[in-house]
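A.B. asks: If you scroll down you'll find the structure; I have some questions about it.
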Amino acid sequence: MYTKSLLWLTVIISCFHFGGHLFDMLANQPNWKSGEIMDVLKYRDFYALSSPKNFFIILVMGGPLINLLALVSVWKLGKRLRGYIGLSFLITLVVMILTVSFFVPINDYIFNTEELDLDAGKLIILVNDWISMEKLRVLLLGLGMLFSILGINSYYENKSVTV
């Protein structure tokens with residue numbers, strides 16, 4: 001039961017993470033992807049009380065942890081299952097590292113720098129870099145979701161064979 005719950009959590013977390021970034025890409029990013037200071041400031045004003053960070057931090061930090069626990073839990077249940085969950089874990093870890101090392105510093109500049117300190121040229125460059133790397137992050141999250149789904153499918157296939 002513990003293993004099955006962890007596997008379902010990996011699927012749920014990866015689906016929320018992937019879906020959240022798709023939503024962000026389609027609904028939020030068009031509002032500030034021009035890199036114009038006024039567009040960024042309007043976006044900031046909209047998220048004055050909360051921000052997408054409050055949603056994503058749980059997924060970015062919890063994803064690798066849940067995937068690692070699931071990997072340990074399925075370690076002896078077959079190479080294919082271990083491989084799928086191992087790949088899902090590696091992807092969530094890479095996404096976490098990419099988020100912390102690349103996106104967080106850029107987010108800090110774009111969304112937290114005082115208006116008077118924003119440099120228009122630097123802002124456009126950082127926004128373009130952010131948008132480009134976001135495509136890679138969404139691709140990785142899609143692959144992570146696929147591997148977590150293949151992992152739980154493999155788990156159920158193993159269970160039906162052993163019954």
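We label chains A, B, ... in the order they appear in the structure tokens, count residues from 1 in each chain, and number ligands from 1 in the order shown.
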List every residue of region 123-151 of chain A that has an atom at most 9 Å from any atom of region 63-83 of chain A, and for each one report the closest atom pair and its distance in Å to one decimal, counting only C-alpha atoms, with rows sorted by chain and then by increasing residue number, as JSON lines.

C.D. replies:
{"residue": "A:Phe147", "atom": "CA", "partner": "A:Gly83", "partner_atom": "CA", "distance": 8.8}
{"residue": "A:Ser148", "atom": "CA", "partner": "A:Asn67", "partner_atom": "CA", "distance": 8.7}
{"residue": "A:Leu150", "atom": "CA", "partner": "A:Leu81", "partner_atom": "CA", "distance": 8.0}
{"residue": "A:Gly151", "atom": "CA", "partner": "A:Leu81", "partner_atom": "CA", "distance": 5.3}

A.B. asks: Deliver the residues from the most recent selection as a file, using C-alpha atoms, as a PDB file, in the first residue's frame.

C.D. replies:
ATOM      1  CA  PHE A 147       8.024   8.242 -16.735  1.00  0.00           C
ATOM      2  CA  SER A 148       5.987   8.442 -13.531  1.00  0.00           C
ATOM      3  CA  LEU A 150       4.922   4.438 -17.070  1.00  0.00           C
ATOM      4  CA  GLY A 151       6.240   3.585 -13.597  1.00  0.00           C
TER       5      GLY A 151
END

A.B. asks: Going by DSSP on the backbone, which residues of region 3-121 of chain A come out as helix (DSSP H, G or I)? List them as an mmCIF file with N, CA and C atoms, in the first residue's frame.

C.D. replies:
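Resulting contents of out_16.cif:
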data_model
loop_
_atom_site.group_PDB
_atom_site.id
_atom_site.type_symbol
_atom_site.label_atom_id
_atom_site.label_comp_id
_atom_site.auth_asym_id
_atom_site.auth_seq_id
_atom_site.Cartn_x
_atom_site.Cartn_y
_atom_site.Cartn_z
ATOM 1 N N THR A 3 3.953 1.618 -1.177
ATOM 2 C CA THR A 3 4.577 1.774 -2.494
ATOM 3 C C THR A 3 3.572 2.323 -3.497
ATOM 4 N N LYS A 4 2.381 1.756 -3.506
ATOM 5 C CA LYS A 4 1.357 2.218 -4.438
ATOM 6 C C LYS A 4 1.017 3.694 -4.188
ATOM 7 N N SER A 5 0.910 4.083 -2.928
ATOM 8 C CA SER A 5 0.617 5.482 -2.586
ATOM 9 C C SER A 5 1.725 6.412 -3.060
ATOM 10 N N LEU A 6 2.966 6.000 -2.871
ATOM 11 C CA LEU A 6 4.093 6.823 -3.330
ATOM 12 C C LEU A 6 4.095 6.955 -4.849
ATOM 13 N N LEU A 7 3.814 5.861 -5.546
ATOM 14 C CA LEU A 7 3.773 5.916 -7.005
ATOM 15 C C LEU A 7 2.657 6.838 -7.492
ATOM 16 N N TRP A 8 1.504 6.761 -6.841
ATOM 17 C CA TRP A 8 0.418 7.662 -7.229
ATOM 18 C C TRP A 8 0.791 9.113 -6.926
ATOM 19 N N LEU A 9 1.483 9.343 -5.828
ATOM 20 C CA LEU A 9 1.939 10.705 -5.507
ATOM 21 C C LEU A 9 2.908 11.228 -6.562
ATOM 22 N N THR A 10 3.802 10.353 -7.069
ATOM 23 C CA THR A 10 4.712 10.816 -8.120
ATOM 24 C C THR A 10 3.935 11.243 -9.360
ATOM 25 N N VAL A 11 2.889 10.485 -9.696
ATOM 26 C CA VAL A 11 2.065 10.834 -10.857
ATOM 27 C C VAL A 11 1.316 12.145 -10.604
ATOM 28 N N ILE A 12 0.702 12.266 -9.446
ATOM 29 C CA ILE A 12 -0.085 13.460 -9.128
ATOM 30 C C ILE A 12 0.805 14.699 -9.104
ATOM 31 N N ILE A 13 1.954 14.608 -8.443
ATOM 32 C CA ILE A 13 2.860 15.754 -8.367
ATOM 33 C C ILE A 13 3.369 16.131 -9.757
ATOM 34 N N SER A 14 3.753 15.137 -10.541
ATOM 35 C CA SER A 14 4.281 15.456 -11.878
ATOM 36 C C SER A 14 3.189 16.053 -12.769
ATOM 37 N N CYS A 15 1.961 15.574 -12.647
ATOM 38 C CA CYS A 15 0.860 16.137 -13.447
ATOM 39 C C CYS A 15 0.561 17.575 -13.034
ATOM 40 N N PHE A 16 0.522 17.843 -11.735
ATOM 41 C CA PHE A 16 0.304 19.211 -11.264
ATOM 42 C C PHE A 16 1.442 20.132 -11.703
ATOM 43 N N HIS A 17 2.665 19.640 -11.593
ATOM 44 C CA HIS A 17 3.827 20.466 -11.952
ATOM 45 C C HIS A 17 3.814 20.785 -13.444
ATOM 46 N N PHE A 18 3.629 19.770 -14.266
ATOM 47 C CA PHE A 18 3.569 19.963 -15.713
ATOM 48 C C PHE A 18 2.383 20.858 -16.089
ATOM 49 N N GLY A 19 1.219 20.542 -15.550
ATOM 50 C CA GLY A 19 0.023 21.327 -15.845
ATOM 51 C C GLY A 19 0.145 22.768 -15.381
ATOM 52 N N GLY A 20 0.756 22.970 -14.233
ATOM 53 C CA GLY A 20 0.956 24.324 -13.726
ATOM 54 C C GLY A 20 1.825 25.157 -14.643
ATOM 55 N N HIS A 21 2.879 24.532 -15.163
ATOM 56 C CA HIS A 21 3.761 25.263 -16.075
ATOM 57 C C HIS A 21 3.108 25.492 -17.436
ATOM 58 N N LEU A 22 2.289 24.563 -17.881
ATOM 59 C CA LEU A 22 1.538 24.804 -19.119
ATOM 60 C C LEU A 22 0.582 25.984 -18.942
ATOM 61 N N PHE A 23 -0.113 26.012 -17.812
ATOM 62 C CA PHE A 23 -1.002 27.136 -17.526
ATOM 63 C C PHE A 23 -0.209 28.442 -17.479
ATOM 64 N N ASP A 24 0.916 28.415 -16.785
ATOM 65 C CA ASP A 24 1.749 29.608 -16.673
ATOM 66 C C ASP A 24 2.199 30.074 -18.060
ATOM 67 N N MET A 25 2.580 29.117 -18.898
ATOM 68 C CA MET A 25 3.049 29.430 -20.240
ATOM 69 C C MET A 25 1.946 30.061 -21.094
ATOM 70 N N LEU A 26 0.729 29.570 -20.946
ATOM 71 C CA LEU A 26 -0.378 30.035 -21.781
ATOM 72 C C LEU A 26 -1.119 31.244 -21.207
ATOM 73 N N ALA A 27 -1.192 31.352 -19.876
ATOM 74 C CA ALA A 27 -2.012 32.400 -19.270
ATOM 75 C C ALA A 27 -1.210 33.532 -18.638
ATOM 76 N N ASN A 28 -0.100 33.222 -17.993
ATOM 77 C CA ASN A 28 0.651 34.257 -17.277
ATOM 78 C C ASN A 28 1.763 34.892 -18.102
ATOM 79 N N GLN A 29 2.580 34.069 -18.730
ATOM 80 C CA GLN A 29 3.759 34.591 -19.431
ATOM 81 C C GLN A 29 3.433 35.587 -20.544
ATOM 82 N N PRO A 30 2.345 35.417 -21.284
ATOM 83 C CA PRO A 30 2.049 36.419 -22.317
ATOM 84 C C PRO A 30 1.901 37.842 -21.754
ATOM 85 N N ASN A 31 1.602 37.948 -20.471
ATOM 86 C CA ASN A 31 1.424 39.263 -19.857
ATOM 87 C C ASN A 31 2.740 40.001 -19.606
ATOM 88 N N ILE A 37 9.196 47.087 -19.109
ATOM 89 C CA ILE A 37 9.074 47.373 -17.681
ATOM 90 C C ILE A 37 7.607 47.512 -17.266
ATOM 91 N N MET A 38 6.809 48.209 -18.041
ATOM 92 C CA MET A 38 5.396 48.411 -17.676
ATOM 93 C C MET A 38 4.624 47.086 -17.640
ATOM 94 N N ASP A 39 4.925 46.173 -18.561
ATOM 95 C CA ASP A 39 4.253 44.867 -18.554
ATOM 96 C C ASP A 39 4.621 44.072 -17.310
ATOM 97 N N VAL A 40 5.897 44.114 -16.945
ATOM 98 C CA VAL A 40 6.357 43.404 -15.748
ATOM 99 C C VAL A 40 5.711 44.015 -14.506
ATOM 100 N N LEU A 41 5.628 45.321 -14.447
ATOM 101 C CA LEU A 41 5.030 45.983 -13.286
ATOM 102 C C LEU A 41 3.538 45.670 -13.166
ATOM 103 N N LYS A 42 2.813 45.608 -14.292
ATOM 104 C CA LYS A 42 1.395 45.222 -14.262
ATOM 105 C C LYS A 42 1.243 43.799 -13.735
ATOM 106 N N TYR A 43 2.133 42.904 -14.190
ATOM 107 C CA TYR A 43 2.100 41.513 -13.725
ATOM 108 C C TYR A 43 2.347 41.454 -12.225
ATOM 109 N N ARG A 44 3.338 42.203 -11.761
ATOM 110 C CA ARG A 44 3.624 42.256 -10.325
ATOM 111 C C ARG A 44 2.417 42.736 -9.536
ATOM 112 N N ASP A 45 1.756 43.781 -10.050
ATOM 113 C CA ASP A 45 0.587 44.318 -9.353
ATOM 114 C C ASP A 45 -0.512 43.276 -9.239
ATOM 115 N N PHE A 46 -0.696 42.481 -10.288
ATOM 116 C CA PHE A 46 -1.725 41.439 -10.258
ATOM 117 C C PHE A 46 -1.435 40.424 -9.154
ATOM 118 N N LYS A 53 4.781 31.285 -7.252
ATOM 119 C CA LYS A 53 5.819 30.649 -6.434
ATOM 120 C C LYS A 53 5.207 29.835 -5.293
ATOM 121 N N ASN A 54 4.113 30.319 -4.727
ATOM 122 C CA ASN A 54 3.475 29.616 -3.614
ATOM 123 C C ASN A 54 2.959 28.241 -4.029
ATOM 124 N N PHE A 55 2.583 28.095 -5.277
ATOM 125 C CA PHE A 55 2.130 26.810 -5.814
ATOM 126 C C PHE A 55 3.324 25.931 -6.181
ATOM 127 N N PHE A 56 4.280 26.520 -6.903
ATOM 128 C CA PHE A 56 5.365 25.725 -7.469
ATOM 129 C C PHE A 56 6.409 25.269 -6.447
ATOM 130 N N ILE A 57 6.597 26.003 -5.359
ATOM 131 C CA ILE A 57 7.652 25.633 -4.411
ATOM 132 C C ILE A 57 7.402 24.253 -3.809
ATOM 133 N N ILE A 58 6.139 23.936 -3.581
ATOM 134 C CA ILE A 58 5.799 22.617 -3.026
ATOM 135 C C ILE A 58 6.165 21.516 -4.025
ATOM 136 N N LEU A 59 5.892 21.752 -5.288
ATOM 137 C CA LEU A 59 6.155 20.758 -6.323
ATOM 138 C C LEU A 59 7.646 20.633 -6.623
ATOM 139 N N VAL A 60 8.329 21.768 -6.695
ATOM 140 C CA VAL A 60 9.769 21.759 -7.011
ATOM 141 C C VAL A 60 10.556 21.053 -5.913
ATOM 142 N N MET A 61 10.215 21.309 -4.673
ATOM 143 C CA MET A 61 10.949 20.703 -3.567
ATOM 144 C C MET A 61 10.402 19.329 -3.182
ATOM 145 N N GLY A 62 9.093 19.150 -3.300
ATOM 146 C CA GLY A 62 8.490 17.869 -2.919
ATOM 147 C C GLY A 62 8.650 16.780 -3.962
ATOM 148 N N GLY A 63 8.714 17.167 -5.232
ATOM 149 C CA GLY A 63 8.824 16.183 -6.316
ATOM 150 C C GLY A 63 10.018 15.252 -6.180
ATOM 151 N N PRO A 64 11.227 15.800 -6.038
ATOM 152 C CA PRO A 64 12.386 14.908 -5.891
ATOM 153 C C PRO A 64 12.307 14.031 -4.638
ATOM 154 N N LEU A 65 11.787 14.585 -3.552
ATOM 155 C CA LEU A 65 11.681 13.808 -2.314
ATOM 156 C C LEU A 65 10.726 12.627 -2.479
ATOM 157 N N ILE A 66 9.543 12.884 -3.020
ATOM 158 C CA ILE A 66 8.564 11.805 -3.222
ATOM 159 C C ILE A 66 9.097 10.779 -4.221
ATOM 160 N N ASN A 67 9.738 11.263 -5.290
ATOM 161 C CA ASN A 67 10.312 10.344 -6.279
ATOM 162 C C ASN A 67 11.425 9.494 -5.680
ATOM 163 N N LEU A 68 12.243 10.081 -4.820
ATOM 164 C CA LEU A 68 13.309 9.312 -4.170
ATOM 165 C C LEU A 68 12.720 8.240 -3.253
ATOM 166 N N LEU A 69 11.707 8.612 -2.478
ATOM 167 C CA LEU A 69 11.051 7.623 -1.619
ATOM 168 C C LEU A 69 10.415 6.507 -2.447
ATOM 169 N N ALA A 70 9.806 6.876 -3.564
ATOM 170 C CA ALA A 70 9.206 5.866 -4.449
ATOM 171 C C ALA A 70 10.281 4.969 -5.040
ATOM 172 N N LEU A 71 11.407 5.550 -5.424
ATOM 173 C CA LEU A 71 12.507 4.756 -5.989
ATOM 174 C C LEU A 71 13.022 3.738 -4.980
ATOM 175 N N VAL A 72 13.213 4.163 -3.756
ATOM 176 C CA VAL A 72 13.658 3.238 -2.703
ATOM 177 C C VAL A 72 12.606 2.146 -2.500
ATOM 178 N N SER A 73 11.351 2.541 -2.532
ATOM 179 C CA SER A 73 10.254 1.600 -2.299
ATOM 180 C C SER A 73 10.130 0.537 -3.395
ATOM 181 N N VAL A 74 10.478 0.889 -4.645
ATOM 182 C CA VAL A 74 10.319 -0.065 -5.757
ATOM 183 C C VAL A 74 11.627 -0.731 -6.157
ATOM 184 N N LYS A 79 13.525 -4.251 -12.738
ATOM 185 C CA LYS A 79 14.403 -3.268 -13.368
ATOM 186 C C LYS A 79 13.637 -2.205 -14.144
ATOM 187 N N ARG A 80 12.598 -2.621 -14.844
ATOM 188 C CA ARG A 80 11.848 -1.667 -15.651
ATOM 189 C C ARG A 80 11.169 -0.623 -14.766
ATOM 190 N N LEU A 81 10.506 -1.076 -13.713
ATOM 191 C CA LEU A 81 9.847 -0.172 -12.775
ATOM 192 C C LEU A 81 10.878 0.757 -12.132
ATOM 193 N N ARG A 82 11.982 0.182 -11.692
ATOM 194 C CA ARG A 82 13.062 0.967 -11.087
ATOM 195 C C ARG A 82 13.600 1.988 -12.091
ATOM 196 N N GLY A 83 13.713 1.597 -13.345
ATOM 197 C CA GLY A 83 14.207 2.512 -14.370
ATOM 198 C C GLY A 83 13.276 3.692 -14.597
ATOM 199 N N TYR A 84 11.979 3.427 -14.691
ATOM 200 C CA TYR A 84 11.012 4.508 -14.898
ATOM 201 C C TYR A 84 11.010 5.497 -13.723
ATOM 202 N N ILE A 85 10.975 4.939 -12.523
ATOM 203 C CA ILE A 85 10.938 5.827 -11.350
ATOM 204 C C ILE A 85 12.289 6.507 -11.163
ATOM 205 N N GLY A 86 13.366 5.809 -11.503
ATOM 206 C CA GLY A 86 14.693 6.432 -11.452
ATOM 207 C C GLY A 86 14.803 7.606 -12.406
ATOM 208 N N LEU A 87 14.284 7.450 -13.613
ATOM 209 C CA LEU A 87 14.288 8.549 -14.581
ATOM 210 C C LEU A 87 13.394 9.699 -14.119
ATOM 211 N N SER A 88 12.252 9.361 -13.558
ATOM 212 C CA SER A 88 11.359 10.389 -13.027
ATOM 213 C C SER A 88 12.061 11.163 -11.905
ATOM 214 N N PHE A 89 12.755 10.442 -11.025
ATOM 215 C CA PHE A 89 13.505 11.090 -9.947
ATOM 216 C C PHE A 89 14.599 12.000 -10.500
ATOM 217 N N LEU A 90 15.379 11.495 -11.452
ATOM 218 C CA LEU A 90 16.454 12.313 -12.028
ATOM 219 C C LEU A 90 15.917 13.582 -12.675
ATOM 220 N N ILE A 91 14.803 13.453 -13.370
ATOM 221 C CA ILE A 91 14.223 14.628 -14.024
ATOM 222 C C ILE A 91 13.743 15.636 -12.989
ATOM 223 N N THR A 92 13.071 15.173 -11.938
ATOM 224 C CA THR A 92 12.619 16.132 -10.914
ATOM 225 C C THR A 92 13.805 16.799 -10.225
ATOM 226 N N LEU A 93 14.889 16.043 -10.058
ATOM 227 C CA LEU A 93 16.093 16.615 -9.451
ATOM 228 C C LEU A 93 16.719 17.663 -10.373
ATOM 229 N N VAL A 94 16.810 17.357 -11.665
ATOM 230 C CA VAL A 94 17.356 18.314 -12.640
ATOM 231 C C VAL A 94 16.481 19.571 -12.687
ATOM 232 N N VAL A 95 15.167 19.393 -12.674
ATOM 233 C CA VAL A 95 14.257 20.545 -12.693
ATOM 234 C C VAL A 95 14.444 21.380 -11.433
ATOM 235 N N MET A 96 14.610 20.737 -10.289
ATOM 236 C CA MET A 96 14.829 21.481 -9.046
ATOM 237 C C MET A 96 16.124 22.285 -9.122
ATOM 238 N N ILE A 97 17.201 21.651 -9.578
ATOM 239 C CA ILE A 97 18.491 22.340 -9.695
ATOM 240 C C ILE A 97 18.399 23.485 -10.694
ATOM 241 N N LEU A 98 17.773 23.234 -11.832
ATOM 242 C CA LEU A 98 17.585 24.273 -12.848
ATOM 243 C C LEU A 98 16.761 25.438 -12.298
ATOM 244 N N THR A 99 15.728 25.117 -11.560
ATOM 245 C CA THR A 99 14.870 26.155 -10.985
ATOM 246 C C THR A 99 15.634 27.014 -9.987
ATOM 247 N N VAL A 100 16.343 26.361 -9.079
ATOM 248 C CA VAL A 100 17.056 27.094 -8.028
ATOM 249 C C VAL A 100 18.247 27.869 -8.586
ATOM 250 N N SER A 101 18.974 27.265 -9.517
ATOM 251 C CA SER A 101 20.196 27.914 -10.003
ATOM 252 C C SER A 101 19.963 28.897 -11.144
ATOM 253 N N PHE A 102 18.937 28.696 -11.948
ATOM 254 C CA PHE A 102 18.706 29.564 -13.103
ATOM 255 C C PHE A 102 17.489 30.470 -12.913
ATOM 256 N N PHE A 103 16.329 29.876 -12.637
ATOM 257 C CA PHE A 103 15.093 30.653 -12.624
ATOM 258 C C PHE A 103 14.950 31.555 -11.400
ATOM 259 N N VAL A 104 15.319 31.073 -10.226
ATOM 260 C CA VAL A 104 15.133 31.887 -9.016
ATOM 261 C C VAL A 104 15.910 33.203 -9.077
ATOM 262 N N PRO A 105 17.197 33.205 -9.473
ATOM 263 C CA PRO A 105 17.884 34.505 -9.560
ATOM 264 C C PRO A 105 17.252 35.455 -10.588
ATOM 265 N N ILE A 106 16.812 34.921 -11.710
ATOM 266 C CA ILE A 106 16.165 35.772 -12.712
ATOM 267 C C ILE A 106 14.812 36.259 -12.177
ATOM 268 N N ASN A 107 14.050 35.375 -11.559
ATOM 269 C CA ASN A 107 12.770 35.785 -10.965
ATOM 270 C C ASN A 107 12.982 36.893 -9.941
ATOM 271 N N ASP A 108 14.037 36.760 -9.153
ATOM 272 C CA ASP A 108 14.318 37.765 -8.136
ATOM 273 C C ASP A 108 14.526 39.135 -8.780
ATOM 274 N N TYR A 109 15.279 39.172 -9.871
ATOM 275 C CA TYR A 109 15.503 40.453 -10.556
ATOM 276 C C TYR A 109 14.211 40.956 -11.206
ATOM 277 N N ILE A 110 13.555 40.100 -11.961
ATOM 278 C CA ILE A 110 12.368 40.530 -12.708
ATOM 279 C C ILE A 110 11.231 40.958 -11.778
ATOM 280 N N PHE A 111 10.987 40.181 -10.740
ATOM 281 C CA PHE A 111 9.777 40.386 -9.956
ATOM 282 C C PHE A 111 9.986 41.057 -8.604
ATOM 283 N N ASN A 112 11.246 41.253 -8.177
ATOM 284 C CA ASN A 112 11.479 41.843 -6.856
ATOM 285 C C ASN A 112 12.330 43.105 -6.869
ATOM 286 N N GLU A 115 11.356 49.243 -8.940
ATOM 287 C CA GLU A 115 11.065 49.766 -10.277
ATOM 288 C C GLU A 115 12.170 50.690 -10.791
ATOM 289 N N LEU A 116 12.667 51.564 -9.953
ATOM 290 C CA LEU A 116 13.692 52.527 -10.376
ATOM 291 C C LEU A 116 15.026 51.846 -10.686
ATOM 292 N N ASP A 117 15.248 50.666 -10.138
ATOM 293 C CA ASP A 117 16.511 49.956 -10.358
ATOM 294 C C ASP A 117 16.476 49.006 -11.554
ATOM 295 N N ALA A 120 16.119 48.456 -18.468
ATOM 296 C CA ALA A 120 15.260 47.973 -19.560
ATOM 297 C C ALA A 120 15.962 46.946 -20.441
ATOM 298 N N GLY A 121 17.214 47.196 -20.805
ATOM 299 C CA GLY A 121 17.954 46.266 -21.658
ATOM 300 C C GLY A 121 18.209 44.939 -20.975
#

A.B. asks: How many Å separate CA of Ile124 (chain A) from CA of Leu49 (chain A)?

C.D. replies: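 For CA of Ile124 (chain A) relative to CA of Leu49 (chain A), the distance reads 24.9 Å.
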